[in-house]
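Okay, so here's the structure we're looking at.
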Amino acid sequence: MGTYRIAAIPGDGIGKEVIAAGCRALEQLANQKSDLKIEFETFPWGSDMYLETGEMMPADALETLRGFDAIYFGSAGDPRVPDHVSLWKLRLAICQGLDQYANIRPTKLLPGLASPLKTGTPATIDWFIVRENSEGEYSGAGGRVHQALSNEVGLDVSVITREGAERIQRFALEIARSRPRKKLTFVTKSNAQRHAMVLWDEVFEVVSTDYPDVQTDRVLVDAMAARFVTDPESIDTVVATNLHADVLSDLAAALSGSLGLAPTGNINPERNAPSMFEPIHGSAFDIMGHGSANPLGAIWSASLMLDHLGETDAASALFDAIERVTGEGSQLPRDLGGQAGTDEVTQAVCDAI
């Protein structure tokens, strides 16, 4: 146990509401544990700042963030700002600038909730998706030429490096090794993407030999999407490139009940910079200010943050509180079939703590 400095960046839309809820739950947890202290500093970076200054965050933002133990992020996205601006100038700028190359997305069917899958049960939906978070299809390589002319061309180049592939694959294999089933599904699309994805495959063929205790299989991404639906019990740990894991993890979240539940961590495994934790649901401007946003994804992300900081008991206590709320069922948010608002769900978690 110790004292931790957390940089809170609520960002846009419902990010402001769910990060406030998560901070409230963390403060309640710290009040119950005398040897755990959490200090928050909130930064008003995001689209509101962009509309005032032309920048989503200050020029020295990354250096500021390096002084914190972790980053707690809400969302990026505002209908008044082009999506590629709000994302690349804030969230992706932090992820790439702090080399948070490992994105983790656990998926679990929580007590009291139902999956859209007929075969979806807590035994079949307990997955851990590892997403390469720094290159691949979201590397930012490419450009546009002949703009506004009839022959205009836009290019986005998928970049796979041997170093980038190896480090994320080893990270995923280590996670698979730590889980009871010791099983990893490797996702690719090298039948159609014959250069970068073939390198992705070749690296895995070598790296996986260092983990003989981990059972591995290789699946094309389109077949993997079908397998999430038709054969969920065959899945445990999954590793995929940036775009593929982004899509698959949203599907996984929906199959577990709602995107509003889903947490994520953007991890710097070497710990030479802070990692960042956030819900995956986005800014959801259509419900901003209604008090109806589901805070559970943000609170689960806070549990991931505590676990990353080495506070495993506190992380478990926070996740247990989420499970007690969903299991009891009287204070569920609307996306999970209930009528409770953000404040009511958050208070239920605090009471469970």
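In the structure tokens, each chain is lettered A, B, ... as it comes, each chain's residues begin at 1, and ligands are numbered from 1 in order of appearance.
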Near-segment 27-30 of chain A list (12 Å; only C-alpha atoms; drop same-chain fewer than 2 positions) as a PyMOL selection string: chain A and resi 1-4+6+20-25+32-40+299+302-303+306+311+313-321+346-353
So which residues of segment 73-281 of chain A fall under strand (DSSP E) by DSSP, listed as a compact mmCIF listing (two decimals) with C-alpha atoms, in the first residue's frame?
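part_35.txt, written as the output of this step:
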# COMPACT_ATOMS: atom_id res chain seq x y z
CA PHE A 73 -8.94 9.05 -18.82
CA GLY A 74 -12.58 9.62 -19.76
CA SER A 75 -13.14 9.94 -23.49
CA ALA A 102 -0.02 -2.86 -24.76
CA ASN A 103 -3.78 -2.37 -24.58
CA ILE A 104 -5.62 -4.76 -22.27
CA ARG A 105 -9.35 -5.38 -22.45
CA PRO A 106 -10.78 -7.98 -20.06
CA THR A 107 -14.30 -9.18 -20.81
CA LYS A 108 -16.43 -11.01 -18.29
CA ASP A 126 -14.30 -14.72 -19.34
CA TRP A 127 -11.85 -13.43 -21.92
CA PHE A 128 -8.74 -11.26 -21.94
CA ILE A 129 -8.03 -9.39 -25.18
CA VAL A 130 -4.57 -7.93 -25.78
CA ARG A 131 -4.37 -5.23 -28.43
CA GLU A 132 -1.21 -3.91 -30.03
CA GLY A 142 0.01 7.65 -44.85
CA GLY A 143 -1.35 10.84 -46.27
CA ARG A 144 -3.54 12.56 -48.84
CA VAL A 145 -2.51 13.92 -52.22
CA VAL A 153 -5.99 9.74 -52.97
CA GLY A 154 -5.99 8.93 -49.25
CA LEU A 155 -3.59 6.36 -47.86
CA ASP A 156 -3.36 4.71 -44.44
CA LYS A 183 -4.52 -20.65 -23.82
CA LEU A 184 -3.86 -17.93 -26.41
CA THR A 185 -5.62 -17.35 -29.72
CA PHE A 186 -3.48 -15.46 -32.23
CA VAL A 187 -5.52 -13.34 -34.66
CA THR A 188 -4.26 -12.48 -38.13
CA GLN A 215 -1.65 -23.69 -25.89
CA THR A 216 -1.93 -21.51 -29.01
CA ASP A 217 -4.08 -21.44 -32.10
CA ARG A 218 -4.14 -19.13 -35.12
CA VAL A 219 -7.41 -17.69 -36.47
CA LEU A 220 -8.23 -15.22 -39.25
CA THR A 237 -6.73 -14.93 -24.08
CA VAL A 238 -6.59 -13.22 -27.48
CA VAL A 239 -3.87 -11.13 -29.16
CA ALA A 240 -4.46 -9.06 -32.27
CA PRO A 263 -12.67 -1.30 -19.16
CA THR A 264 -9.29 -0.91 -20.77
CA GLY A 265 -5.72 -0.16 -19.84
CA ASN A 266 -3.08 1.38 -22.08
CA ILE A 267 0.03 -0.15 -20.58
CA SER A 275 0.00 3.83 -17.99
CA MET A 276 -3.49 5.11 -18.78
CA PHE A 277 -6.85 3.55 -17.87
CA GLU A 278 -10.25 4.33 -19.39
CA PRO A 279 -13.68 2.93 -20.25
Proximity of segment 47-139 of chain A to segment 159-165 of chain A: per-residue shortest pair, 7 Å limit, only C-alpha atoms, as a Markdown table:
| residue | atom | partner | partner_atom | distance |
| --- | --- | --- | --- | --- |
| A:Glu135 | CA | A:Val159 | CA | 5.8 |
| A:Gly136 | CA | A:Val159 | CA | 4.6 |
| A:Glu137 | CA | A:Val159 | CA | 6.5 |
| A:Ser139 | CA | A:Val159 | CA | 6.3 |
8 Å contact set for segment 332-338 of chain A, only C-alpha atoms, chain neighbours under 5 positions out, as a VMD selection string: chain A and resid 113 257 to 258 260 292 to 294 325 to 326 345
Go ahead and write the selection's residues with N, CA and C atoms as a PDB file, in the first residue's frame.
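File written: again34.pdb
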ATOM      1  N   LEU A 113     -26.202 -10.433 -14.854  1.00  0.00           N
ATOM      2  CA  LEU A 113     -26.374  -9.898 -16.199  1.00  0.00           C
ATOM      3  C   LEU A 113     -26.555 -11.032 -17.204  1.00  0.00           C
ATOM      4  N   GLY A 257     -22.801  -7.851 -22.284  1.00  0.00           N
ATOM      5  CA  GLY A 257     -23.907  -7.076 -21.737  1.00  0.00           C
ATOM      6  C   GLY A 257     -24.019  -5.664 -22.247  1.00  0.00           C
ATOM      7  N   SER A 258     -22.869  -4.955 -22.359  1.00  0.00           N
ATOM      8  CA  SER A 258     -22.923  -3.555 -22.799  1.00  0.00           C
ATOM      9  C   SER A 258     -21.521  -2.993 -22.929  1.00  0.00           C
ATOM     10  N   GLY A 260     -20.920  -0.138 -22.080  1.00  0.00           N
ATOM     11  CA  GLY A 260     -20.789   0.688 -20.891  1.00  0.00           C
ATOM     12  C   GLY A 260     -20.067   0.010 -19.743  1.00  0.00           C
ATOM     13  N   SER A 292     -27.407   9.688 -16.964  1.00  0.00           N
ATOM     14  CA  SER A 292     -27.755   8.289 -17.191  1.00  0.00           C
ATOM     15  C   SER A 292     -26.580   7.433 -17.635  1.00  0.00           C
ATOM     16  N   ALA A 293     -25.387   8.006 -17.726  1.00  0.00           N
ATOM     17  CA  ALA A 293     -24.223   7.247 -18.197  1.00  0.00           C
ATOM     18  C   ALA A 293     -23.882   6.123 -17.227  1.00  0.00           C
ATOM     19  N   ASN A 294     -23.489   4.998 -17.773  1.00  0.00           N
ATOM     20  CA  ASN A 294     -23.078   3.842 -16.965  1.00  0.00           C
ATOM     21  C   ASN A 294     -21.643   4.084 -16.472  1.00  0.00           C
ATOM     22  N   VAL A 325     -22.982  -5.165  -7.035  1.00  0.00           N
ATOM     23  CA  VAL A 325     -24.033  -4.284  -7.564  1.00  0.00           C
ATOM     24  C   VAL A 325     -24.783  -4.958  -8.712  1.00  0.00           C
ATOM     25  N   THR A 326     -24.062  -5.552  -9.643  1.00  0.00           N
ATOM     26  CA  THR A 326     -24.756  -6.203 -10.761  1.00  0.00           C
ATOM     27  C   THR A 326     -25.511  -7.444 -10.279  1.00  0.00           C
ATOM     28  N   VAL A 345     -25.918   4.495  -9.367  1.00  0.00           N
ATOM     29  CA  VAL A 345     -25.044   3.334  -9.573  1.00  0.00           C
ATOM     30  C   VAL A 345     -23.739   3.522  -8.822  1.00  0.00           C
TER      31      VAL A 345
END
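Excluding Ser86 of chain A itself and any same-chain residue fewer than 5 positions from it, the protein and nucleic acid residues within 8 Å of it, counting only C-alpha atoms, are Gly46, Ser47, Met56, Ala76, Gly77, Asp78, Val81 and Arg91 of chain A.
Taking only C-alpha atoms into account, Leu304 of chain A lies nearest to A:Ala262 out of the set A:Tyr101, A:Ala262, A:Glu55, A:Ser249.
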From a backbone DSSP assignment, name each residue in segment 18-203 of chain A labelled helix (DSSP H, G or I), as a PyMOL selection string. chain A and resi 18-32+47-53+61-65+83-97+162-178+196-203
Given the selection you just returned, output its residues as a file containing C-alpha atoms, formatted as an mmCIF file, in the first residue's frame.
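Contents of selection21.cif, as written:
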data_model
loop_
_atom_site.group_PDB
_atom_site.id
_atom_site.type_symbol
_atom_site.label_atom_id
_atom_site.label_comp_id
_atom_site.auth_asym_id
_atom_site.auth_seq_id
_atom_site.Cartn_x
_atom_site.Cartn_y
_atom_site.Cartn_z
ATOM 1 C CA VAL A 18 -17.893 8.722 -15.406
ATOM 2 C CA ILE A 19 -14.422 9.868 -14.313
ATOM 3 C CA ALA A 20 -16.020 11.844 -11.485
ATOM 4 C CA ALA A 21 -17.875 8.644 -10.547
ATOM 5 C CA GLY A 22 -14.692 6.580 -10.657
ATOM 6 C CA CYS A 23 -12.796 9.066 -8.517
ATOM 7 C CA ARG A 24 -15.647 8.964 -6.009
ATOM 8 C CA ALA A 25 -15.440 5.156 -5.817
ATOM 9 C CA LEU A 26 -11.660 5.266 -5.456
ATOM 10 C CA GLU A 27 -11.926 7.817 -2.652
ATOM 11 C CA GLN A 28 -14.466 5.619 -0.879
ATOM 12 C CA LEU A 29 -12.095 2.671 -1.205
ATOM 13 C CA ALA A 30 -9.168 4.702 0.149
ATOM 14 C CA ASN A 31 -11.325 5.768 3.102
ATOM 15 C CA GLN A 32 -11.785 2.082 3.964
ATOM 16 C CA SER A 47 -12.392 19.414 -27.190
ATOM 17 C CA ASP A 48 -13.522 22.372 -25.061
ATOM 18 C CA MET A 49 -9.883 23.398 -24.791
ATOM 19 C CA TYR A 50 -9.417 22.832 -28.528
ATOM 20 C CA LEU A 51 -12.306 25.122 -29.387
ATOM 21 C CA GLU A 52 -10.763 27.841 -27.193
ATOM 22 C CA THR A 53 -7.068 27.419 -28.026
ATOM 23 C CA ALA A 61 1.419 17.689 -21.524
ATOM 24 C CA LEU A 62 3.471 14.501 -21.841
ATOM 25 C CA GLU A 63 6.182 15.817 -19.553
ATOM 26 C CA THR A 64 3.521 16.818 -17.042
ATOM 27 C CA LEU A 65 1.998 13.328 -17.144
ATOM 28 C CA ASP A 83 -12.868 12.879 -34.852
ATOM 29 C CA HIS A 84 -9.374 12.491 -36.243
ATOM 30 C CA VAL A 85 -8.396 15.717 -34.473
ATOM 31 C CA SER A 86 -9.886 14.895 -31.077
ATOM 32 C CA LEU A 87 -8.421 11.381 -31.081
ATOM 33 C CA TRP A 88 -4.960 11.991 -32.505
ATOM 34 C CA LYS A 89 -4.292 15.172 -30.564
ATOM 35 C CA LEU A 90 -5.250 13.751 -27.170
ATOM 36 C CA ARG A 91 -5.723 10.036 -26.517
ATOM 37 C CA LEU A 92 -3.434 8.680 -29.233
ATOM 38 C CA ALA A 93 -0.890 11.416 -28.582
ATOM 39 C CA ILE A 94 -0.678 10.193 -24.971
ATOM 40 C CA CYS A 95 -0.614 6.486 -25.862
ATOM 41 C CA GLN A 96 2.104 6.842 -28.474
ATOM 42 C CA GLY A 97 4.040 9.559 -26.677
ATOM 43 C CA ARG A 162 9.495 -6.984 -35.843
ATOM 44 C CA GLU A 163 10.192 -5.316 -32.480
ATOM 45 C CA GLY A 164 6.612 -4.106 -32.080
ATOM 46 C CA ALA A 165 5.139 -7.493 -32.950
ATOM 47 C CA GLU A 166 7.472 -9.396 -30.655
ATOM 48 C CA ARG A 167 6.951 -7.223 -27.605
ATOM 49 C CA ILE A 168 3.129 -7.331 -27.743
ATOM 50 C CA GLN A 169 3.083 -11.048 -28.505
ATOM 51 C CA ARG A 170 5.350 -11.798 -25.555
ATOM 52 C CA PHE A 171 3.168 -9.591 -23.356
ATOM 53 C CA ALA A 172 0.086 -11.566 -24.414
ATOM 54 C CA LEU A 173 1.798 -14.923 -23.951
ATOM 55 C CA GLU A 174 2.816 -13.927 -20.428
ATOM 56 C CA ILE A 175 -0.805 -13.043 -19.626
ATOM 57 C CA ALA A 176 -2.022 -16.325 -21.111
ATOM 58 C CA ARG A 177 0.564 -18.176 -19.022
ATOM 59 C CA SER A 178 -0.749 -16.466 -15.866
ATOM 60 C CA ALA A 196 2.856 -6.691 -42.787
ATOM 61 C CA MET A 197 0.560 -9.433 -41.532
ATOM 62 C CA VAL A 198 2.857 -12.154 -42.827
ATOM 63 C CA LEU A 199 5.625 -10.593 -40.733
ATOM 64 C CA TRP A 200 3.166 -10.542 -37.782
ATOM 65 C CA ASP A 201 2.680 -14.301 -38.281
ATOM 66 C CA GLU A 202 6.364 -15.098 -38.697
ATOM 67 C CA VAL A 203 7.287 -13.331 -35.464
#
